[in-house]
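Colleague: Supplied in structure tokens, the structure appears directly below.
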Amino acid sequence: MKLDSMYQEIILDHYRNPHHKGLRDPFDTEVHHVNPTCGDEVTLRVKLDGTGADAKVVDVSYEGQGCSISQASASVMTDLVIGRTVADALKVQEEFLHLMQSKGQAEPDEEVLEDAVAFAGVSKFPARVKCALLGWMAWRDATTQVMEGQK
């Protein structure tokens, strides 16, 4: 099996069988993000335990609609951030952002990104990068809101 087709299968699996989909309580904050280019959208809730960068990401839940890339990426993102400290989760998010901004030139770090490496090919298509980043940006926005509210 070629690597590209394996990556495509990972994306389709997360799209068909999304992880952590469905808005759950309790939560600290909720955000709604829309990709104006294509209309994809996500409503995302975050629950943290603790304060600051050492706070643990206890839960991330979401509802969304859109293309397979935006919805699968949100599913993968939840797997990668839940259970980590905010600091560690932000490092993963930054690594994914770097990959998406690389225009296909970056070599994804599978140790850090796990299933998110499947989106490496998306970075070659600028119109689809926003789709892949939708859930990740919503998570970062929600987490920032919680942390700023703790000050």
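We label chains A, B, ... in the order they appear in the structure tokens, count residues from 1 in each chain, and number ligands from 1 in the order shown.
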Can you pull out every residue within 8 Å of stretch 43-49 of chain A, counting only C-alpha atoms, but drop anything in the same chain fewer than 4 positions away, and send it as a list of chain:residue names?

Modeller: A:Leu23, A:Arg24, A:Pro26, A:Phe27, A:Asp28, A:Thr29, A:Glu30, A:Val31, A:His32, A:His33, A:Ala55, A:Lys56, A:Val57, A:Val58, A:Asp59, A:Val60, A:Ser61, A:Tyr62, A:Glu63, A:Gly64, A:Gly135, A:Ala138, A:Trp139, A:Ala142, A:Thr143, A:Val146

Colleague: Can you tell me, as a VMD selection string, what residues are no more than 9 Å from A:Phe119 when counting only C-alpha atoms, ignoring any on the same chain fewer than 2 positions away?

Modeller: chain A and resid 7 to 8 11 69 73 96 99 to 100 115 to 117 121 to 123 132

Colleague: Take the selection from the previous step and output its residues with N, CA and C atoms, as a short mmCIF file (atom, residue, chain, number, x, y, z; two decimals), in the first residue's frame.

Modeller:
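Once written, selection15.cif looks like this:
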data_model
loop_
_atom_site.label_atom_id
_atom_site.label_comp_id
_atom_site.auth_asym_id
_atom_site.auth_seq_id
_atom_site.Cartn_x
_atom_site.Cartn_y
_atom_site.Cartn_z
N TYR A 7 -2.47 7.27 4.01
CA TYR A 7 -2.87 8.54 4.61
C TYR A 7 -4.32 8.87 4.30
N GLN A 8 -4.72 8.61 3.05
CA GLN A 8 -6.10 8.87 2.66
C GLN A 8 -7.06 8.01 3.49
N ILE A 11 -7.53 9.52 6.98
CA ILE A 11 -8.44 10.66 6.93
C ILE A 11 -9.88 10.19 6.79
N ILE A 69 -11.75 16.60 5.16
CA ILE A 69 -10.49 17.08 5.72
C ILE A 69 -10.73 17.84 7.03
N SER A 73 -9.67 16.14 10.57
CA SER A 73 -8.62 16.84 11.28
C SER A 73 -9.05 17.17 12.71
N PHE A 96 1.78 20.89 13.92
CA PHE A 96 0.79 20.69 12.85
C PHE A 96 0.68 21.96 12.00
N LEU A 99 3.57 22.11 9.67
CA LEU A 99 3.37 21.16 8.56
C LEU A 99 2.40 21.74 7.53
N MET A 100 1.30 22.32 8.01
CA MET A 100 0.29 22.86 7.09
C MET A 100 0.80 24.07 6.31
N ASP A 115 -1.35 10.29 13.89
CA ASP A 115 -2.23 10.23 12.72
C ASP A 115 -2.29 11.55 11.93
N ALA A 116 -1.91 12.65 12.55
CA ALA A 116 -1.96 13.95 11.86
C ALA A 116 -0.97 14.01 10.69
N VAL A 117 0.00 13.11 10.64
CA VAL A 117 0.91 13.09 9.49
C VAL A 117 0.15 12.81 8.20
N GLY A 121 0.01 15.87 2.82
CA GLY A 121 -0.29 16.20 1.43
C GLY A 121 -1.22 17.38 1.26
N VAL A 122 -2.05 17.63 2.27
CA VAL A 122 -2.99 18.75 2.23
C VAL A 122 -2.23 20.08 2.14
N SER A 123 -1.04 20.12 2.72
CA SER A 123 -0.28 21.38 2.75
C SER A 123 0.11 21.87 1.35
N ALA A 132 -8.04 21.95 7.08
CA ALA A 132 -7.30 21.11 8.02
C ALA A 132 -7.04 21.83 9.33
#

Colleague: Mind listing the strand (DSSP E or B) residues of stretch 36-143 of chain A, per DSSP on the backbone, as a ChimeraX atom specification?

Modeller: /A:41-49,56-65,85

Colleague: Export, as a compact mmCIF listing (two decimals), in the first residue's frame, the selected residues with N, CA and C atoms.

Modeller:
# COMPACT_ATOMS: atom_id res chain seq x y z
N GLU A 41 -17.63 24.40 9.32
CA GLU A 41 -17.72 25.02 10.63
C GLU A 41 -17.56 23.98 11.73
N VAL A 42 -17.16 24.49 12.90
CA VAL A 42 -16.99 23.63 14.06
C VAL A 42 -17.36 24.43 15.31
N THR A 43 -18.09 23.78 16.20
CA THR A 43 -18.33 24.29 17.55
C THR A 43 -17.55 23.36 18.46
N LEU A 44 -16.72 23.94 19.31
CA LEU A 44 -15.79 23.13 20.09
C LEU A 44 -15.82 23.55 21.55
N ARG A 45 -15.77 22.55 22.44
CA ARG A 45 -15.73 22.79 23.88
C ARG A 45 -14.44 22.23 24.45
N VAL A 46 -13.89 22.96 25.43
CA VAL A 46 -12.65 22.54 26.09
C VAL A 46 -12.87 22.52 27.60
N LYS A 47 -12.33 21.49 28.23
CA LYS A 47 -12.33 21.38 29.69
C LYS A 47 -10.89 21.16 30.13
N LEU A 48 -10.39 22.07 30.98
CA LEU A 48 -9.03 21.96 31.52
C LEU A 48 -9.10 21.67 33.01
N ASP A 49 -8.03 21.08 33.52
CA ASP A 49 -7.89 20.86 34.96
C ASP A 49 -6.57 21.49 35.38
N LYS A 56 -4.05 20.44 32.61
CA LYS A 56 -4.25 19.25 31.78
C LYS A 56 -5.51 19.42 30.93
N VAL A 57 -5.41 19.04 29.67
CA VAL A 57 -6.57 19.05 28.78
C VAL A 57 -7.38 17.80 29.11
N VAL A 58 -8.48 18.00 29.84
CA VAL A 58 -9.30 16.89 30.31
C VAL A 58 -10.24 16.40 29.21
N ASP A 59 -10.82 17.35 28.47
CA ASP A 59 -11.76 16.95 27.43
C ASP A 59 -11.82 18.01 26.34
N VAL A 60 -12.03 17.53 25.13
CA VAL A 60 -12.33 18.38 23.98
C VAL A 60 -13.43 17.66 23.22
N SER A 61 -14.54 18.35 23.03
CA SER A 61 -15.64 17.77 22.26
C SER A 61 -16.05 18.78 21.20
N TYR A 62 -16.67 18.29 20.14
CA TYR A 62 -17.01 19.20 19.04
C TYR A 62 -18.19 18.67 18.24
N GLU A 63 -18.82 19.58 17.54
CA GLU A 63 -19.81 19.30 16.51
C GLU A 63 -19.37 20.11 15.31
N GLY A 64 -19.54 19.56 14.15
CA GLY A 64 -19.14 20.31 12.98
C GLY A 64 -19.77 19.77 11.73
N GLN A 65 -19.61 20.55 10.68
CA GLN A 65 -20.02 20.09 9.37
C GLN A 65 -19.04 20.64 8.36
N THR A 85 -0.70 18.15 28.88
CA THR A 85 -0.71 19.49 29.46
C THR A 85 -0.97 20.48 28.32

Colleague: Between A:Met137, A:Cys38, A:Ala87, A:Ala120, which residue has the minimum interatomic distance to A:Gln105, considering only C-alpha atoms?

Modeller: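 Of the candidates, the smallest distance to A:Gln105 is held by A:Ala120.
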
Colleague: Quick one: DSSP helix (DSSP H, G or I) residues in chain A, as a VMD selection string?

Modeller: chain A and resid 3 to 16 52 to 54 68 to 81 86 to 100 110 to 124 126 to 149

Colleague: So, counting only C-alpha atoms, which residue among A:Gly22, A:Glu95, A:Ser75, A:Arg84 is closest to A:Glu111?

Modeller: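 Answer, going by the shortest atom-to-atom distance: A:Glu95.
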
Colleague: Tell me, in Å to one decimal, how far atom CA of A:Val112 is from atom CA of A:Val92.

Modeller: 6.3 Å

Colleague: Can you tell me how far atom CA of A:Asn17 sits from atom CA of A:Leu113, in Å to one decimal?

Modeller: 19.1 Å

Colleague: Nearest to A:Asp88: which of A:Glu148, A:Glu107, A:Ala53, A:Val129 is it, counting only C-alpha atoms?

Modeller: A:Ala53
